[in-house]
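Enquirer: Sending over structure.txt (compact mmCIF, C-alpha atoms).
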```txt
# COMPACT_ATOMS: atom_id res chain seq x y z
CA ARG A 1 47.65 -57.13 -15.90
CA LEU A 2 44.96 -56.83 -18.56
CA ILE A 3 47.39 -55.20 -20.97
CA ASP A 4 49.94 -57.95 -20.40
CA LEU A 5 47.32 -60.57 -21.27
CA ILE A 6 46.41 -58.73 -24.45
CA VAL A 7 50.05 -58.56 -25.55
CA TYR A 8 50.63 -62.18 -24.63
CA TYR A 9 47.69 -63.61 -26.53
CA SER A 10 48.08 -61.33 -29.54
CA LYS A 11 51.08 -63.25 -30.81
CA PRO A 12 50.37 -65.46 -33.91
CA SER A 13 51.84 -68.53 -32.25
CA ARG A 14 49.03 -68.80 -29.77
CA THR A 15 46.53 -71.54 -30.41
CA LYS A 16 42.77 -71.33 -30.51
CA GLN A 17 42.72 -72.67 -26.95
CA HIS A 18 44.87 -69.81 -25.86
CA ILE A 19 42.59 -67.37 -27.67
CA ALA A 20 39.52 -68.83 -25.87
CA THR A 21 41.34 -68.59 -22.55
CA TYR A 22 42.20 -64.99 -23.32
CA ARG A 23 38.59 -64.26 -24.18
CA ASN A 24 37.29 -65.68 -20.87
CA THR A 25 39.92 -63.85 -18.85
CA LEU A 26 39.15 -60.62 -20.64
CA GLN A 27 35.41 -60.97 -19.89
CA ARG A 28 36.04 -61.65 -16.18
CA ASN A 29 38.30 -58.62 -15.86
CA THR A 30 35.82 -56.48 -17.74
CA LYS A 31 33.00 -57.49 -15.34
CA LYS A 32 35.27 -56.73 -12.38
CA ILE A 33 36.03 -53.32 -13.81
CA ASN A 34 32.30 -52.64 -14.29
CA ILE A 35 31.51 -53.78 -10.72
CA ASP A 36 34.23 -51.54 -9.29
CA LYS A 37 32.91 -48.64 -11.33
CA MET A 38 29.35 -49.18 -10.08
CA THR A 39 30.62 -49.42 -6.50
CA ARG A 40 32.41 -46.09 -6.85
CA ILE A 41 29.31 -44.48 -8.35
CA SER A 42 27.07 -45.84 -5.55
CA LEU A 43 29.51 -44.61 -2.89
CA PHE A 44 29.64 -41.18 -4.51
CA LEU A 45 25.83 -40.96 -4.58
CA LEU A 46 25.62 -41.99 -0.92
CA ILE A 47 28.10 -39.32 0.14
CA ALA A 48 26.34 -36.69 -1.98
CA SER A 49 22.98 -37.60 -0.40
CA SER A 50 24.41 -37.30 3.12
CA VAL A 51 25.93 -33.89 2.38
CA ALA A 52 22.63 -32.68 0.90
CA SER A 53 20.73 -33.82 3.98
CA LEU A 54 23.11 -31.99 6.32
CA THR A 55 22.90 -28.84 4.19
CA LEU A 56 19.09 -28.87 4.24
CA GLY A 57 19.10 -29.43 8.01
CA PHE A 58 21.30 -26.39 8.65
CA ALA A 59 19.27 -24.28 6.24
CA SER A 60 16.02 -25.25 7.95
CA GLN A 61 17.40 -24.39 11.39
CA SER A 62 18.68 -21.05 10.11
CA THR A 63 15.27 -20.23 8.63
CA ARG A 64 13.47 -20.96 11.91
CA THR A 65 15.91 -18.76 13.79
CA ASN A 66 15.68 -15.85 11.34
CA PHE A 67 11.90 -15.82 11.22
CA GLY A 68 11.59 -16.04 14.99
CA VAL A 69 9.80 -19.35 15.44
CA VAL A 70 11.17 -19.39 18.98
CA THR A 71 10.12 -16.17 20.67
CA THR A 72 12.34 -14.78 23.38
CA PRO A 73 11.68 -11.90 25.78
CA SER A 74 14.33 -9.86 23.98
CA SER A 75 12.20 -9.84 20.81
CA ALA A 76 9.60 -7.55 22.43
CA SER A 77 9.97 -3.94 21.43
CA PRO A 78 10.48 -1.24 24.10
CA SER A 79 7.23 0.46 23.10
CA SER A 80 5.16 -2.69 23.58
CA SER A 81 6.82 -3.34 26.95
CA SER A 82 6.13 0.19 28.13
CA SER A 83 2.51 -0.04 26.92
CA SER A 84 1.99 -3.30 28.83
CA SER A 85 3.49 -1.76 31.95
CA LEU A 86 1.23 1.26 31.56
CA PHE A 87 -1.90 -0.87 31.26
CA MET A 88 -0.90 -2.94 34.26
CA SER A 89 -0.19 0.14 36.35
CA ASP A 90 -3.59 1.61 35.40
CA ASP A 91 -5.35 -1.59 36.46
CA PHE A 92 -3.74 -1.56 39.90
CA ILE A 93 -4.13 2.15 40.68
CA GLN A 94 -6.31 2.52 43.77
CA GLU A 95 -8.27 5.65 44.57
CA THR A 96 -7.00 7.47 47.62
CA PRO A 97 -9.36 8.81 50.32
CA GLU A 98 -8.55 12.31 49.10
CA ASP A 99 -9.57 11.39 45.56
CA THR A 100 -12.85 9.97 46.88
CA LYS A 101 -13.50 13.13 48.83
CA GLU A 102 -13.00 15.22 45.69
CA ARG A 103 -15.43 13.01 43.77
CA ILE A 104 -18.09 13.39 46.45
CA GLN A 105 -17.55 17.14 46.59
CA ALA A 106 -18.03 17.38 42.83
CA MET A 107 -21.29 15.42 43.05
CA VAL A 108 -22.61 17.67 45.81
CA GLU A 109 -21.79 20.82 43.84
CA ASN A 110 -23.20 19.56 40.53
CA HIS A 111 -26.55 18.23 41.79
CA PRO A 112 -28.97 20.53 43.70
CA VAL A 113 -30.73 17.52 45.24
CA LEU A 114 -28.47 14.53 45.83
CA LEU A 115 -29.30 11.32 47.65
CA PHE A 116 -26.70 8.71 48.59
CA MET A 117 -28.66 5.48 48.98
CA LYS A 118 -28.55 1.70 48.79
CA GLY A 119 -29.84 0.61 45.39
CA SER A 120 -31.54 2.78 42.80
CA GLN A 121 -34.62 4.99 42.78
CA LEU A 122 -36.58 2.25 41.02
CA PHE A 123 -35.19 -0.58 43.15
CA PRO A 124 -34.08 0.57 46.62
CA GLN A 125 -32.12 -2.08 48.52
CA CYS A 126 -33.18 -1.13 52.03
CA GLY A 127 -36.28 0.27 53.78
CA PHE A 128 -34.61 3.54 54.82
CA SER A 129 -33.49 4.26 51.27
CA ASN A 130 -36.98 3.44 50.02
CA THR A 131 -38.52 5.89 52.52
CA ALA A 132 -36.11 8.64 51.46
CA VAL A 133 -37.02 8.11 47.78
CA GLN A 134 -40.75 8.23 48.54
CA ILE A 135 -40.38 11.51 50.44
CA LEU A 136 -38.47 13.16 47.59
CA ASN A 137 -40.95 11.87 45.01
CA THR A 138 -43.74 13.81 46.75
CA TYR A 139 -42.06 17.04 45.65
CA ASN A 140 -42.22 16.07 41.99
CA LEU A 141 -38.61 16.89 41.23
CA ASP A 142 -35.82 15.22 39.27
CA PHE A 143 -33.18 14.42 41.90
CA HIS A 144 -29.89 12.58 41.49
CA SER A 145 -29.08 9.41 43.42
CA VAL A 146 -25.89 7.44 43.95
CA ASP A 147 -25.91 3.70 44.70
CA VAL A 148 -23.25 3.21 47.38
CA LEU A 149 -23.51 -0.58 47.05
CA SER A 150 -21.88 -0.39 43.62
CA ASP A 151 -18.99 1.83 44.82
CA ASP A 152 -17.35 0.86 48.08
CA ALA A 153 -15.07 3.88 48.07
CA ILE A 154 -18.11 6.19 47.98
CA ARG A 155 -19.92 4.07 50.58
CA GLN A 156 -17.12 4.58 53.09
CA GLY A 157 -16.01 8.01 51.93
CA VAL A 158 -19.41 9.69 52.17
CA LYS A 159 -19.66 8.77 55.85
CA GLU A 160 -16.38 10.55 56.52
CA PHE A 161 -17.32 13.43 54.24
CA SER A 162 -20.56 14.19 56.11
CA GLN A 163 -19.50 12.86 59.50
CA TRP A 164 -22.70 10.78 59.44
CA PRO A 165 -22.47 7.00 60.04
CA THR A 166 -25.50 5.71 58.13
CA ILE A 167 -27.04 5.54 54.64
CA PRO A 168 -29.12 7.18 53.10
CA GLN A 169 -27.78 10.72 53.17
CA LEU A 170 -29.45 13.74 51.58
CA TYR A 171 -27.78 16.88 50.24
CA VAL A 172 -29.85 19.88 49.13
CA ALA A 173 -28.29 22.93 47.47
CA GLY A 174 -24.83 21.77 48.51
CA GLU A 175 -25.77 21.34 52.19
CA PHE A 176 -25.98 18.12 54.15
CA VAL A 177 -29.53 17.56 55.43
CA GLY A 178 -29.25 14.18 57.18
CA GLY A 179 -30.45 10.63 57.08
CA CYS A 180 -33.86 9.00 56.85
CA ASP A 181 -35.07 9.99 60.37
CA ILE A 182 -34.21 13.65 59.87
CA MET A 183 -35.85 13.65 56.43
CA ILE A 184 -39.07 12.30 57.94
CA GLU A 185 -39.02 14.94 60.67
CA MET A 186 -38.31 17.80 58.25
CA PHE A 187 -40.94 16.48 55.85
CA GLN A 188 -43.52 16.54 58.59
CA ASN A 189 -42.72 20.06 59.82
CA GLY A 190 -42.38 21.53 56.31
CA GLU A 191 -38.69 22.49 56.55
CA LEU A 192 -37.70 20.05 53.85
CA ALA A 193 -40.28 21.50 51.46
CA GLU A 194 -38.74 24.95 51.84
CA MET A 195 -35.27 23.60 51.06
CA ILE A 196 -36.59 21.69 48.05
CA GLU A 197 -38.32 24.78 46.65
CA LYS A 198 -35.06 26.68 46.92
CA ALA A 199 -33.26 23.87 45.16
CA LYS A 200 -35.86 23.90 42.38
CA ALA A 201 -35.22 27.59 41.87
CA ASP A 202 -31.53 26.88 41.54
CA MET A 203 -32.27 24.22 38.93
CA VAL A 204 -34.04 26.80 36.78
```
Go through the file and emit its structure as structure tokens.
Expert:
Amino acid sequence: RLIDLIVYYSKPSRTKQHIATYRNTLQRNTKKINIDKMTRISLFLLIASSVASLTLGFASQSTRTNFGVVTTPSSASPSSSSSSSLFMSDDFIQETPEDTKERIQAMVENHPVLLFMKGSQLFPQCGFSNTAVQILNTYNLDFHSVDVLSDDAIRQGVKEFSQWPTIPQLYVAGEFVGGCDIMIEMFQNGELAEMIEKAKADMV
């Protein structure tokens, strides 16, 4: 249509009014063309922006997946799983009565004078244990003691090991002597002193 107008008004017979009309029509069509062009450019930019946003969204999701933002159980290595299982199994292993018996036997064999008691030599936790410590201290020897209150397996196991129901219990030179009452009796009649002297000789 624009070309037709140009051809029509380019003829010499057209008057100045026709030329003015042509000029106004040409300007209106030119503005329309410019508006259409701007609309197409704006639409193109909008589409391009949408595509770019979608592309960035997929790229971001892919990056999070590749770098393991979301951790799944399958991501754990076999070695770490086996190590965790090993630590857990170690934590829940319970000592058997036979194991306790072997521990007690090793203590008896390794210590010439051994006293199973409640508490420690410095702080006995019962009167009988305190009496046993005082008797042994009269012989001026370095004896070994085991606090049964801190080890329940030993507390129960030593009673079965010696077939004696109470604590304290004294072992000298690998032999079971007895509890507090027997220690007092043997201390008074001198039998305990003889056993202690023999134990001292074994220590040397």
Enquirer: Using only C-alpha atoms, find the one residue out of A:Ser162, A:Gln121, A:Gln94, A:Asn137 that sits nearest to Phe176 (chain A).
Expert: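 Result for the nearest residue to Phe176 (chain A): A:Ser162.
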Enquirer: Between A:Asp152, A:Ala173, A:Thr166, A:Phe128, which has the minimum distance to Glu95 (chain A) (counting all atoms listed in the file)?
Expert: A:Asp152
Enquirer: Neighbours of region 184-196 of chain A within 9 Å (only C-alpha atoms; same-chain residues fewer than 6 positions away dropped), as a compact mmCIF listing (two decimals) with C-alpha atoms, in the frame of the given file?
Expert:
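Once everything was written out, this is result24.txt:
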```txt
# COMPACT_ATOMS: atom_id res chain seq x y z
CA PRO A 112 -28.97 20.53 43.70
CA VAL A 113 -30.73 17.52 45.24
CA THR A 131 -38.52 5.89 52.52
CA ALA A 132 -36.11 8.64 51.46
CA ILE A 135 -40.38 11.51 50.44
CA LEU A 136 -38.47 13.16 47.59
CA TYR A 139 -42.06 17.04 45.65
CA LEU A 141 -38.61 16.89 41.23
CA VAL A 172 -29.85 19.88 49.13
CA ALA A 173 -28.29 22.93 47.47
CA VAL A 177 -29.53 17.56 55.43
```
Enquirer: Could you give me, as a list of chain:residue names, the residues within 7 Å of Leu114 (chain A), counting all atoms listed in the file and dropping anything in the same chain fewer than 2 positions from it?
Expert: A:Val108, A:His111, A:Pro112, A:Phe116, A:Phe143, A:His144, A:Ser145, A:Leu170, A:Tyr171, A:Val172
Enquirer: Give the answer as one residue: which of A:Ile104, A:Met117, A:Gln134, A:Thr96 has the shortest atom-to-atom distance to Ile167 (chain A), using only C-alpha atoms?
Expert: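 Closest residue, counting only C-alpha atoms: A:Met117.
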Enquirer: Taking (-31.3, 0.0, 41.2) in the coordinates of the supplied file, I want to know which residues reach to within 6 Å of it, counting all atoms listed in the file; could you give the answer as a ChimeraX atom specification?
Expert: /A:119-120,122-123
Enquirer: Restricted to C-alpha atoms, what would the selected residues look like written as a PDB file, in the coordinates of the input?
Expert:
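Output below, filename again.pdb:
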```pdb
ATOM      1  CA  GLY A 119     -29.840   0.610  45.390  1.00  0.00           C
ATOM      2  CA  SER A 120     -31.540   2.780  42.800  1.00  0.00           C
ATOM      3  CA  LEU A 122     -36.580   2.250  41.020  1.00  0.00           C
ATOM      4  CA  PHE A 123     -35.190  -0.580  43.150  1.00  0.00           C
TER       5      PHE A 123
END
```
Enquirer: Between A:Glu197, A:Asp142, A:Glu109, A:Asp147, which one has atoms that come closest to Gln125 (chain A), using only C-alpha atoms?
Expert: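 Closest residue, counting only C-alpha atoms: A:Asp147.
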